[in-house]
>>> print(open('model.cif').read())   # mmCIF, C-alpha atoms
data_protein
loop_
_atom_site.label_atom_id
_atom_site.label_comp_id
_atom_site.auth_asym_id
_atom_site.auth_seq_id
_atom_site.Cartn_x
_atom_site.Cartn_y
_atom_site.Cartn_z
CA MET K 9 -161.66 112.58 43.41
CA THR K 10 -163.94 115.21 41.98
CA ARG K 11 -167.23 114.73 40.21
CA ARG K 12 -169.02 118.05 40.68
CA TYR K 13 -170.36 120.03 37.77
CA GLY K 14 -171.77 123.43 36.80
CA ASN K 15 -175.32 124.33 35.77
CA ARG K 16 -177.31 122.37 33.25
CA LEU K 17 -177.25 125.01 30.51
CA PHE K 18 -173.46 125.14 30.66
CA VAL K 19 -173.17 121.35 30.52
CA VAL K 20 -175.58 120.89 27.64
CA ALA K 21 -173.95 123.71 25.70
CA ALA K 22 -170.53 122.20 26.28
CA LEU K 23 -171.66 118.78 25.13
CA ALA K 24 -173.45 120.19 22.11
CA GLY K 25 -170.21 121.81 21.00
CA ILE K 26 -168.26 118.63 21.54
CA VAL K 27 -170.59 116.52 19.41
CA GLY K 28 -169.30 118.30 16.35
CA ALA K 29 -165.72 117.44 17.23
CA CYS K 30 -163.95 114.30 16.12
CA ALA K 31 -166.19 111.62 17.62
CA ASP K 32 -163.43 109.15 18.40
CA GLN K 33 -160.96 111.56 19.99
CA ALA K 34 -160.95 112.70 23.63
CA VAL K 35 -161.36 116.42 24.22
CA THR K 36 -159.39 118.00 27.04
CA GLY K 37 -159.79 121.17 29.04
CA VAL K 38 -163.15 120.46 30.72
CA ASP K 39 -162.80 119.61 34.40
CA ASP K 40 -165.34 117.89 36.64
CA ALA K 41 -165.05 120.63 39.23
CA GLU K 42 -166.55 123.15 36.79
CA PHE K 43 -169.83 121.25 36.76
CA LYS K 44 -172.70 120.77 39.17
CA LYS K 45 -174.85 117.76 38.34
CA SER K 46 -178.54 118.51 37.94
CA PRO K 47 -181.58 116.33 37.14
CA GLY K 48 -182.26 116.14 33.43
CA PHE K 49 -178.62 116.36 32.36
CA ALA K 50 -177.99 114.94 28.90
CA GLN K 51 -181.60 114.04 28.34
CA GLY K 52 -181.70 115.11 24.68
CA PRO K 53 -183.11 112.77 22.01
CA ASN K 54 -179.65 111.49 21.07
CA SER K 55 -178.12 111.03 24.53
CA VAL K 56 -178.28 108.33 27.20
CA THR K 57 -177.17 108.21 30.84
CA VAL K 58 -176.29 104.86 32.44
CA MET K 59 -174.87 103.66 35.76
CA SER K 60 -173.02 100.53 36.87
CA ARG K 61 -173.40 99.86 40.60
CA ASN K 62 -172.07 96.95 42.66
CA ILE K 63 -174.04 97.39 45.88
CA TYR K 64 -172.05 94.82 47.95
CA VAL K 65 -173.65 92.03 49.91
CA GLY K 66 -172.08 93.50 53.03
CA THR K 67 -169.53 90.86 54.00
CA ASN K 68 -166.62 88.94 52.55
CA VAL K 69 -168.19 85.69 51.38
CA ASP K 70 -164.82 84.59 50.04
CA ARG K 71 -163.82 83.76 53.60
CA VAL K 72 -166.53 81.09 53.65
CA ILE K 73 -165.65 79.84 50.18
CA ALA K 74 -162.03 79.50 51.33
CA ALA K 75 -162.95 77.03 54.11
CA GLU K 76 -160.68 74.00 54.02
CA THR K 77 -163.12 71.62 55.74
CA PRO K 78 -166.91 71.53 56.20
CA GLU K 79 -166.39 71.81 59.97
CA GLN K 80 -164.97 75.31 59.56
CA ILE K 81 -168.04 76.63 57.76
CA PRO K 82 -170.46 77.29 60.67
CA LEU K 83 -167.98 79.50 62.54
CA LEU K 84 -166.88 81.35 59.38
CA VAL K 85 -170.52 81.96 58.47
CA ALA K 86 -171.23 83.35 61.95
CA ALA K 87 -168.41 85.88 61.57
CA ALA K 88 -169.48 86.81 58.04
CA PHE K 89 -173.10 87.23 59.11
CA GLN K 90 -172.10 89.57 61.94
CA THR K 91 -170.23 91.76 59.44
CA LEU K 92 -173.29 91.73 57.18
CA LEU K 93 -175.43 93.04 60.02
CA GLU K 94 -172.89 95.74 60.87
CA THR K 95 -172.68 96.99 57.30
CA ASN K 96 -176.43 97.60 57.50
CA PHE K 97 -177.83 97.42 53.99
CA PRO K 98 -181.12 99.22 54.87
CA GLU K 99 -179.04 102.25 55.89
CA ARG K 100 -176.76 101.98 52.86
CA ALA K 101 -179.76 101.71 50.54
CA GLY K 102 -180.61 105.33 51.29
CA ALA K 103 -177.15 106.45 50.15
CA LEU K 104 -177.39 104.27 47.03
CA ALA K 105 -180.79 105.78 46.22
CA ASP K 106 -179.29 109.26 46.68
CA GLU K 107 -176.67 108.39 44.04
CA ILE K 108 -179.38 107.40 41.58
CA ALA K 109 -181.30 110.58 42.42
CA GLU K 110 -178.17 112.62 41.70
CA ALA K 111 -177.29 110.93 38.42
CA GLN K 112 -180.85 110.34 37.11
CA PRO K 113 -179.68 107.51 34.83
CA HIS K 114 -182.00 106.05 32.24
CA LEU K 115 -180.65 102.57 33.04
CA VAL K 116 -178.84 101.08 36.03
CA GLY K 117 -176.91 97.81 36.09
CA LEU K 118 -176.88 96.45 39.64
CA GLN K 119 -174.59 93.68 40.85
CA GLU K 120 -174.67 91.74 44.15
CA ILE K 121 -178.40 92.17 44.68
CA SER K 122 -179.03 89.69 47.48
CA ILE K 123 -181.79 87.94 49.34
CA ILE K 124 -180.68 86.75 52.77
CA ARG K 125 -182.84 84.01 54.31
CA ARG K 126 -182.65 82.09 57.57
CA GLN K 127 -183.92 78.79 58.93
CA SER K 128 -183.89 78.52 62.74
CA PRO K 129 -183.04 75.99 63.91
CA GLY K 130 -181.23 74.83 60.79
CA ASP K 131 -181.01 71.34 59.39
CA ALA K 132 -177.99 71.64 57.07
CA ILE K 133 -175.60 70.67 59.86
CA VAL K 134 -177.17 67.20 59.96
CA GLY K 135 -177.51 66.86 56.18
CA GLY K 136 -181.04 68.25 55.90
CA THR K 137 -182.22 69.74 52.63
CA ILE K 138 -185.18 71.93 53.65
CA PRO K 139 -184.44 75.37 52.14
CA ALA K 140 -184.34 78.40 54.43
CA ASP K 141 -187.32 80.62 53.63
CA GLU K 142 -187.48 83.30 56.35
CA ILE K 143 -186.45 86.47 54.53
CA LEU K 144 -184.19 88.68 56.62
CA PHE K 145 -183.15 91.12 53.89
CA ASP K 146 -184.42 91.51 50.34
CA TYR K 147 -181.95 94.03 48.95
CA LEU K 148 -183.91 94.80 45.80
CA ALA K 149 -187.14 95.48 47.69
CA ILE K 150 -185.26 97.67 50.19
CA LEU K 151 -183.58 99.67 47.41
CA LEU K 152 -186.81 100.10 45.43
CA ASP K 153 -188.52 101.39 48.59
CA ALA K 154 -185.70 103.91 49.06
CA LEU K 155 -186.06 105.06 45.46
CA ASP K 156 -189.81 105.35 45.83
CA ALA K 157 -189.38 107.40 49.02
CA ARG K 158 -187.39 109.91 46.95
CA GLY K 159 -190.07 110.14 44.30
CA LEU K 160 -188.01 108.26 41.72
CA ASP K 161 -189.68 106.05 39.12
CA TYR K 162 -187.50 102.98 38.49
CA GLN K 163 -188.71 99.50 37.63
CA VAL K 164 -187.02 96.12 37.31
CA ALA K 165 -186.38 95.50 33.61
CA ALA K 166 -184.41 92.24 33.95
CA SER K 167 -183.02 89.99 36.69
CA ILE K 168 -180.83 86.90 36.66
CA GLN K 169 -180.38 84.59 39.65
CA ASN K 170 -176.80 83.49 40.12
CA ALA K 171 -175.51 81.67 43.20
CA ASP K 172 -178.01 80.26 45.70
CA VAL K 173 -176.02 78.88 48.63
CA GLU K 174 -177.28 77.68 52.01
CA VAL K 175 -174.84 76.90 54.81
CA PRO K 176 -175.00 76.23 58.56
CA MET K 177 -174.17 79.02 61.02
CA LEU K 178 -173.08 78.51 64.61
CA THR K 179 -175.46 80.35 66.96
CA GLY K 180 -174.58 78.92 70.40
CA PHE K 181 -172.11 76.76 72.31
CA ASP K 182 -174.05 75.53 75.34
CA PRO K 183 -175.77 73.67 73.93
CA LEU K 184 -174.39 73.70 70.37
CA SER K 185 -176.99 75.25 68.09
CA PHE K 186 -177.09 76.11 64.43
CA ASP K 187 -179.20 78.14 62.05
CA ASP K 188 -179.04 77.93 58.28
CA ILE K 189 -178.22 81.07 56.30
CA ARG K 190 -179.11 81.20 52.63
CA LEU K 191 -177.67 83.77 50.22
CA THR K 192 -179.24 84.17 46.78
CA ASP K 193 -177.40 86.49 44.42
CA PHE K 194 -178.87 88.39 41.46
CA ASP K 195 -177.81 90.87 38.81
CA VAL K 196 -180.57 93.35 37.99
CA ILE K 197 -181.30 96.04 35.44
CA LEU K 198 -183.40 99.00 36.57
CA ALA K 199 -185.04 101.21 33.97
CA ARG K 200 -186.36 104.69 34.52
CA GLY K 201 -190.08 105.08 33.97
CA ASP K 202 -189.69 106.90 30.63
CA VAL K 203 -187.57 104.12 29.07
CA GLU K 204 -189.33 101.56 26.86
CA ILE K 205 -188.05 98.01 27.44
CA ALA K 206 -188.27 94.99 25.11
CA ASN K 207 -186.44 91.77 24.18
CA THR K 208 -185.28 90.79 27.66
CA THR K 209 -182.50 88.19 28.09
CA GLU K 210 -181.60 86.64 31.46
CA ARG K 211 -178.94 83.95 31.24
CA ASN K 212 -176.29 82.16 33.30
CA TYR K 213 -172.87 81.48 31.82
CA THR K 214 -171.81 77.95 31.00
CA ALA K 215 -168.48 78.50 32.77
CA LYS K 216 -168.81 78.72 36.53
CA LEU K 217 -166.80 78.32 39.72
CA MET K 218 -167.26 75.08 41.68
CA VAL K 219 -165.50 75.06 45.05
CA PRO K 220 -164.87 71.73 46.82
CA ILE K 221 -164.70 71.94 50.61
CA GLY K 222 -163.35 68.71 52.02
CA ASP K 223 -164.69 65.51 50.49
CA ALA K 224 -168.42 66.08 50.90
CA VAL K 225 -169.27 69.73 50.08
CA VAL K 226 -169.15 71.53 46.75
CA LEU K 227 -170.23 75.17 46.53
CA ASP K 228 -171.65 75.98 43.11
CA ILE K 229 -171.11 79.67 42.11
CA PRO K 230 -172.77 80.43 38.78
CA ARG K 231 -172.82 83.94 37.30
CA GLY K 232 -174.76 85.46 34.45
CA PHE K 233 -175.88 88.50 32.53
CA THR K 234 -179.06 90.41 31.73
CA ALA K 235 -179.82 92.36 28.57
CA VAL K 236 -182.67 94.47 27.26
CA ASP K 237 -183.52 96.59 24.25
CA ALA K 238 -184.01 100.06 25.71
CA THR K 239 -185.65 102.82 23.69
CA ILE K 240 -184.78 106.30 24.91
CA GLY K 241 -186.20 109.14 22.90
CA GLN K 242 -185.63 108.33 19.25
CA ARG K 243 -182.97 105.66 19.73
CA THR K 244 -182.81 102.03 20.87
CA TYR K 245 -179.81 100.43 22.56
CA ARG K 246 -178.93 96.91 23.69
CA PHE K 247 -178.16 97.43 27.38
CA VAL K 248 -176.26 94.62 29.11
CA ASN K 249 -175.32 94.10 32.77
CA THR K 250 -172.97 91.47 34.19
CA HIS K 251 -170.71 90.51 37.12
CA LEU K 252 -167.81 88.29 36.12
CA GLU K 253 -166.01 85.71 38.25
CA PRO K 254 -163.27 87.30 40.41
CA ALA K 255 -161.39 84.27 41.69
CA VAL K 256 -160.26 82.29 38.63
CA LEU K 257 -159.02 84.15 35.56
CA GLY K 258 -159.74 81.25 33.20
CA ILE K 259 -163.39 81.14 34.26
CA GLN K 260 -163.65 84.93 34.09
CA GLN K 261 -162.28 84.98 30.54
CA ALA K 262 -164.56 82.12 29.50
CA GLN K 263 -167.57 84.05 30.78
CA ALA K 264 -166.42 87.17 28.94
CA ALA K 265 -165.88 85.18 25.75
CA GLU K 266 -169.38 83.73 26.01
CA LEU K 267 -170.87 87.19 26.44
CA ILE K 268 -168.85 88.65 23.56
CA ALA K 269 -169.94 85.78 21.30
CA THR K 270 -173.59 86.10 22.36
CA LEU K 271 -173.56 89.79 21.44
CA GLY K 272 -171.47 89.28 18.31
CA SER K 273 -174.35 89.50 15.83
CA GLU K 274 -176.16 92.32 17.62
CA THR K 275 -176.90 95.26 15.29
CA LEU K 276 -178.09 97.75 17.91
CA PRO K 277 -175.53 99.92 19.72
CA ILE K 278 -174.43 97.93 22.79
CA ILE K 279 -173.88 99.53 26.19
CA LEU K 280 -172.31 96.93 28.48
CA VAL K 281 -171.96 97.74 32.18
CA GLY K 282 -170.77 95.72 35.12
CA ASP K 283 -168.24 94.67 37.69
CA LEU K 284 -165.90 92.78 35.39
CA ASN K 285 -163.30 92.06 38.10
CA THR K 286 -160.50 92.89 35.68
CA PRO K 287 -158.36 95.99 36.24
CA ALA K 288 -157.87 98.64 33.59
CA PRO K 289 -155.72 99.17 31.68
CA PHE K 290 -153.77 95.90 31.85
CA GLY K 291 -156.29 93.25 32.91
CA ASP K 292 -156.46 90.33 30.50
CA THR K 293 -160.26 90.24 30.41
CA TYR K 294 -160.48 94.02 30.07
CA ASN K 295 -158.31 93.77 26.98
CA ASP K 296 -160.41 90.88 25.66
CA PHE K 297 -163.30 93.35 25.45
CA LEU K 298 -161.13 95.99 23.79
CA ASP K 299 -159.94 93.39 21.29
CA ALA K 300 -163.61 92.67 20.53
CA PHE K 301 -163.98 96.34 19.55
CA TYR K 302 -165.65 97.61 22.70
CA ALA K 303 -164.73 101.15 23.70
CA ASP K 304 -164.22 102.06 27.35
CA ALA K 305 -166.42 105.11 27.98
CA TRP K 306 -164.17 106.28 30.82
CA THR K 307 -161.16 106.68 28.50
CA LYS K 308 -163.28 108.63 25.99
CA ARG K 309 -164.74 111.13 28.45
CA VAL K 310 -164.37 114.85 27.83
CA ASN K 311 -164.27 115.92 31.49
CA GLY K 312 -161.54 115.64 34.13
CA ARG K 313 -158.93 113.84 32.07
CA ASP K 314 -156.64 113.29 35.08
CA GLU K 315 -159.17 111.61 37.38
CA SER K 316 -158.41 107.95 38.06
CA GLY K 317 -161.94 106.57 37.98
CA PHE K 318 -161.01 104.02 40.67
CA THR K 319 -164.01 102.00 41.89
CA ASP K 320 -162.58 99.31 44.21
CA SER K 321 -162.49 98.99 47.17
CA HIS K 322 -163.47 100.64 50.47
CA GLY K 323 -162.81 97.58 52.61
CA GLU K 324 -164.94 94.82 54.05
CA ASP K 325 -166.46 96.71 56.99
CA LEU K 326 -167.12 99.94 55.03
CA ARG K 327 -165.79 101.99 57.96
CA SER K 328 -162.57 103.34 56.46
CA GLU K 329 -162.08 107.03 57.19
CA THR K 330 -159.98 107.59 54.10
CA VAL K 331 -160.69 106.84 50.45
CA MET K 332 -159.16 103.42 49.80
CA LEU K 333 -160.12 102.97 46.14
CA ASP K 334 -157.08 101.92 44.13
CA GLN K 335 -158.23 100.15 40.96
CA ARG K 336 -160.80 100.46 38.19
CA ILE K 337 -162.78 97.23 37.70
CA ASP K 338 -166.31 98.58 37.10
CA PHE K 339 -166.97 99.64 33.54
CA ILE K 340 -169.27 101.13 30.95
CA LEU K 341 -168.24 99.68 27.59
CA VAL K 342 -169.74 100.55 24.24
CA ARG K 343 -169.79 98.74 20.91
CA ASN K 344 -171.37 101.19 18.52
CA ARG K 345 -170.92 99.34 15.25
CA PRO K 346 -172.47 96.02 14.23
CA GLY K 347 -170.30 92.96 13.95
CA ASN K 348 -166.99 92.09 15.59
CA ALA K 349 -164.62 93.70 13.13
CA ARG K 350 -165.21 97.43 13.43
CA ARG K 351 -163.82 99.88 15.94
CA SER K 352 -166.50 101.59 18.00
CA VAL K 353 -167.09 105.30 17.61
CA LEU K 354 -168.24 107.43 20.53
CA GLY K 355 -169.42 111.00 20.50
CA SER K 356 -169.30 113.11 23.65
CA VAL K 357 -168.95 111.15 26.90
CA PHE K 358 -169.29 112.76 30.32
CA ALA K 359 -168.30 110.19 32.96
CA PHE K 360 -167.85 110.32 36.72
CA VAL K 361 -167.82 108.16 39.83
CA LEU K 362 -170.10 108.32 42.87
CA GLY K 363 -169.54 106.94 46.34
CA ASP K 364 -165.89 107.98 46.31
CA GLU K 365 -165.88 110.97 48.67
CA LEU K 366 -166.10 111.10 52.45
CA GLU K 367 -169.35 113.07 52.34
CA ASP K 368 -170.96 110.19 50.42
CA ARG K 369 -170.99 108.04 53.56
CA THR K 370 -174.13 107.39 55.59
CA PRO K 371 -174.83 109.26 58.85
CA SER K 372 -173.22 106.43 60.83
CA GLY K 373 -170.07 106.52 58.68
CA LEU K 374 -170.70 103.63 56.27
CA TRP K 375 -169.64 103.84 52.66
CA PRO K 376 -172.62 103.05 50.37
CA SER K 377 -170.73 99.99 49.07
CA ASP K 378 -167.22 98.61 48.92
CA HIS K 379 -167.25 99.79 45.29
CA ALA K 380 -167.87 103.21 43.81
CA ALA K 381 -170.45 103.63 41.07
CA VAL K 382 -169.51 104.69 37.56
CA VAL K 383 -171.89 106.84 35.50
CA ALA K 384 -171.71 108.02 31.90
CA SER K 385 -173.84 110.39 29.88
CA MET K 386 -173.15 109.76 26.21
CA VAL K 387 -174.07 110.76 22.71
CA LEU K 388 -173.49 107.80 20.40
CA PRO K 389 -173.18 108.71 16.72
CA ASP K 390 -175.43 106.84 14.32
CA VAL K 391 -172.65 105.10 12.40
CA GLY K 392 -174.92 102.73 10.46
CA GLU K 393 -173.93 99.48 8.82
CA GLU K 394 -171.23 100.88 6.51
#
>>> encode(input="model.cif", output="structure tokens")
Amino acid sequence: MTRRYGNRLFVVAALAGIVGACADQAVTGVDDAEFKKSPGFAQGPNSVTVMSRNIYVGTNVDRVIAAETPEQIPLLVAAAFQTLLETNFPERAGALADEIAEAQPHLVGLQEISIIRRQSPGDAIVGGTIPADEILFDYLAILLDALDARGLDYQVAASIQNADVEVPMLTGFDPLSFDDIRLTDFDVILARGDVEIANTTERNYTAKLMVPIGDAVVLDIPRGFTAVDATIGQRTYRFVNTHLEPAVLGIQQAQAAELIATLGSETLPIILVGDLNTPAPFGDTYNDFLDAFYADAWTKRVNGRDESGFTDSHGEDLRSETVMLDQRIDFILVRNRPGNARRSVLGSVFAFVLGDELEDRTPSGLWPSDHAAVVASMVLPDVGEE
């Protein structure tokens, strides 16, 4: 998969010429390989660059959720925690920060931002309720430090807490010993220092997954979205970030319907990013958004028309030595007209993926995430109310 570009003057000139073309029609003949990304790309007064990035907690938590009895949980958690350590988020954070440095987005939607806490010894195994509070990894703090080390100015514009689950983990057999491991999940919007932020919304969906394990344990898995008004140059956008439920289609569609309804009366241009866990082009939830008059920026891009845009997935341990991405479930969607009855109109869109090439891996051979990032630089026509 290619994503490389030529010099900035060539890119800006190409985009400037495209703006005058039919705004709702893809333009062919411009290939990613002709370009070399440079800081400041598409930073004109009428353009915006955004990124959607699932950073991956570092282990397959679904294995724990799939436990059939409470007795299975401590051993499953021990295995999952070992994988989390091996996928080494502090190392991966450097590669994720490099992606942001390369793309220079105005706004970043982050999914699976985690805080991992421990209590040792734990009390959950005997029914205790004292929350684990020893922080082992604060993914957001680690990533912000990596950005700061690269001289990048990004601040948290919005954050929503989703699942907050604490479970026992087996730590020894002779004698039997247990710690508690607590995972708190967030979705976060980062804004570049030159972006003005207002009107922040941080909300959980009404629909959520509740997983019974045996007769006594229920894991509660809420999800949510964040939204801000972001002023970039002369224009203001409603920027929205979300991570929809992967396991149950009905819950996923209910969450999407709630988000679509919430944004239904919005008059600003909407840029919605996230891991929607629905594959393009045939996923039911993906088409729910298209039916609500959202445009998929990837399908409107003017560069590299044959590139797949696949973003999922590199595998649980992040050690694959080939590119394993085989579906597109991370999106940048745009609704550029007010109301829910008008087809969106996009101008020039230059979109690409990051974290999809072997050279994107860390020095030890880890992919930055199990997902690739998707980035779009766009010029959205001012279509007005009509």
>>> atom_distance(input="model.cif", atom1="CA of Gln261 (chain K)", atom2="CA of Leu115 (chain K)")
25.6 Å
>>> closest_residue(input="model.cif", among="K:Ala300, K:Thr370, K:Leu284, K:Gly363", to="Arg350 (chain K)", atoms="all atoms listed in the file")
K:Ala300
>>> closest_atom_pairs(input="model.cif", of="region 34-148 of chain K", to="region 274-279 of chain K", cutoff="12 Å", atoms="only C-alpha atoms", output="Markdown table")
| residue | atom | partner | partner_atom | distance |
| --- | --- | --- | --- | --- |
| K:Val56 | CA | K:Ile279 | CA | 9.9 |
| K:Thr57 | CA | K:Ile279 | CA | 10.4 |
| K:Val58 | CA | K:Ile279 | CA | 8.6 |
| K:Met59 | CA | K:Ile279 | CA | 10.5 |
| K:Ser60 | CA | K:Ile279 | CA | 10.8 |
| K:Leu115 | CA | K:Ile279 | CA | 10.1 |
| K:Val116 | CA | K:Ile279 | CA | 11.1 |
| K:Gly117 | CA | K:Ile279 | CA | 10.5 |
>>> residues_around(input="model.cif", residues="Gln90 (chain K)", least_positions_apart="3", cutoff="12 Å", atoms="only C-alpha atoms", output="ChimeraX atom specification")
/K:66-69,83-87,93-96,177-179,189,324-325
>>> resolve_selection(input="model.cif", expression="the PyMOL selection byres ((chain K and resi 79) around 12)", output="list of chain:residue names")
K:Val72, K:Ala75, K:Glu76, K:Thr77, K:Pro78, K:Gln80, K:Ile81, K:Pro82, K:Leu83, K:Leu84, K:Val85, K:Ala132, K:Ile133, K:Val134, K:Val175, K:Pro176, K:Met177, K:Leu178, K:Ile221, K:Gly222, K:Asp223, K:Ala224, K:Val225
>>> build_atoms(input="model.cif", residues="region 115-128 of chain K", atoms="N, CA, C and O atoms", output="PDB file, keeping the file's coordinate frame")
ATOM      1  N   LEU K 115    -180.811 104.005  32.774  1.00  0.00           N
ATOM      2  CA  LEU K 115    -180.650 102.570  33.040  1.00  0.00           C
ATOM      3  C   LEU K 115    -179.569 102.371  34.082  1.00  0.00           C
ATOM      4  O   LEU K 115    -178.542 103.066  34.069  1.00  0.00           O
ATOM      5  N   VAL K 116    -179.798 101.403  34.975  1.00  0.00           N
ATOM      6  CA  VAL K 116    -178.840 101.080  36.030  1.00  0.00           C
ATOM      7  C   VAL K 116    -178.569  99.584  35.990  1.00  0.00           C
ATOM      8  O   VAL K 116    -179.515  98.783  36.032  1.00  0.00           O
ATOM      9  N   GLY K 117    -177.298  99.208  35.926  1.00  0.00           N
ATOM     10  CA  GLY K 117    -176.910  97.810  36.090  1.00  0.00           C
ATOM     11  C   GLY K 117    -176.468  97.580  37.511  1.00  0.00           C
ATOM     12  O   GLY K 117    -175.484  98.188  37.962  1.00  0.00           O
ATOM     13  N   LEU K 118    -177.180  96.737  38.239  1.00  0.00           N
ATOM     14  CA  LEU K 118    -176.880  96.450  39.640  1.00  0.00           C
ATOM     15  C   LEU K 118    -176.263  95.061  39.764  1.00  0.00           C
ATOM     16  O   LEU K 118    -176.771  94.098  39.179  1.00  0.00           O
ATOM     17  N   GLN K 119    -175.190  94.969  40.545  1.00  0.00           N
ATOM     18  CA  GLN K 119    -174.590  93.680  40.850  1.00  0.00           C
ATOM     19  C   GLN K 119    -174.630  93.447  42.368  1.00  0.00           C
ATOM     20  O   GLN K 119    -174.670  94.390  43.143  1.00  0.00           O
ATOM     21  N   GLU K 120    -174.601  92.183  42.745  1.00  0.00           N
ATOM     22  CA  GLU K 120    -174.670  91.740  44.150  1.00  0.00           C
ATOM     23  C   GLU K 120    -175.983  92.162  44.814  1.00  0.00           C
ATOM     24  O   GLU K 120    -176.013  92.555  45.977  1.00  0.00           O
ATOM     25  N   ILE K 121    -177.067  92.048  44.085  1.00  0.00           N
ATOM     26  CA  ILE K 121    -178.400  92.170  44.680  1.00  0.00           C
ATOM     27  C   ILE K 121    -178.693  90.851  45.384  1.00  0.00           C
ATOM     28  O   ILE K 121    -178.681  89.791  44.755  1.00  0.00           O
ATOM     29  N   SER K 122    -178.939  90.912  46.676  1.00  0.00           N
ATOM     30  CA  SER K 122    -179.030  89.690  47.480  1.00  0.00           C
ATOM     31  C   SER K 122    -180.377  89.532  48.155  1.00  0.00           C
ATOM     32  O   SER K 122    -181.039  90.521  48.470  1.00  0.00           O
ATOM     33  N   ILE K 123    -180.745  88.286  48.368  1.00  0.00           N
ATOM     34  CA  ILE K 123    -181.790  87.940  49.340  1.00  0.00           C
ATOM     35  C   ILE K 123    -181.113  87.084  50.396  1.00  0.00           C
ATOM     36  O   ILE K 123    -180.474  86.074  50.083  1.00  0.00           O
ATOM     37  N   ILE K 124    -181.241  87.487  51.649  1.00  0.00           N
ATOM     38  CA  ILE K 124    -180.680  86.750  52.770  1.00  0.00           C
ATOM     39  C   ILE K 124    -181.834  86.095  53.526  1.00  0.00           C
ATOM     40  O   ILE K 124    -182.747  86.784  53.993  1.00  0.00           O
ATOM     41  N   ARG K 125    -181.788  84.754  53.611  1.00  0.00           N
ATOM     42  CA  ARG K 125    -182.840  84.010  54.310  1.00  0.00           C
ATOM     43  C   ARG K 125    -182.244  83.204  55.463  1.00  0.00           C
ATOM     44  O   ARG K 125    -181.061  82.863  55.437  1.00  0.00           O
ATOM     45  N   ARG K 126    -183.093  82.868  56.405  1.00  0.00           N
ATOM     46  CA  ARG K 126    -182.650  82.090  57.570  1.00  0.00           C
ATOM     47  C   ARG K 126    -183.630  80.975  57.857  1.00  0.00           C
ATOM     48  O   ARG K 126    -184.834  81.109  57.634  1.00  0.00           O
ATOM     49  N   GLN K 127    -183.114  79.870  58.354  1.00  0.00           N
ATOM     50  CA  GLN K 127    -183.920  78.790  58.930  1.00  0.00           C
ATOM     51  C   GLN K 127    -183.411  78.564  60.355  1.00  0.00           C
ATOM     52  O   GLN K 127    -182.213  78.353  60.571  1.00  0.00           O
ATOM     53  N   SER K 128    -184.311  78.650  61.336  1.00  0.00           N
ATOM     54  CA  SER K 128    -183.890  78.520  62.740  1.00  0.00           C
ATOM     55  C   SER K 128    -184.869  77.627  63.501  1.00  0.00           C
ATOM     56  O   SER K 128    -186.062  77.930  63.577  1.00  0.00           O
TER      57      SER K 128
END
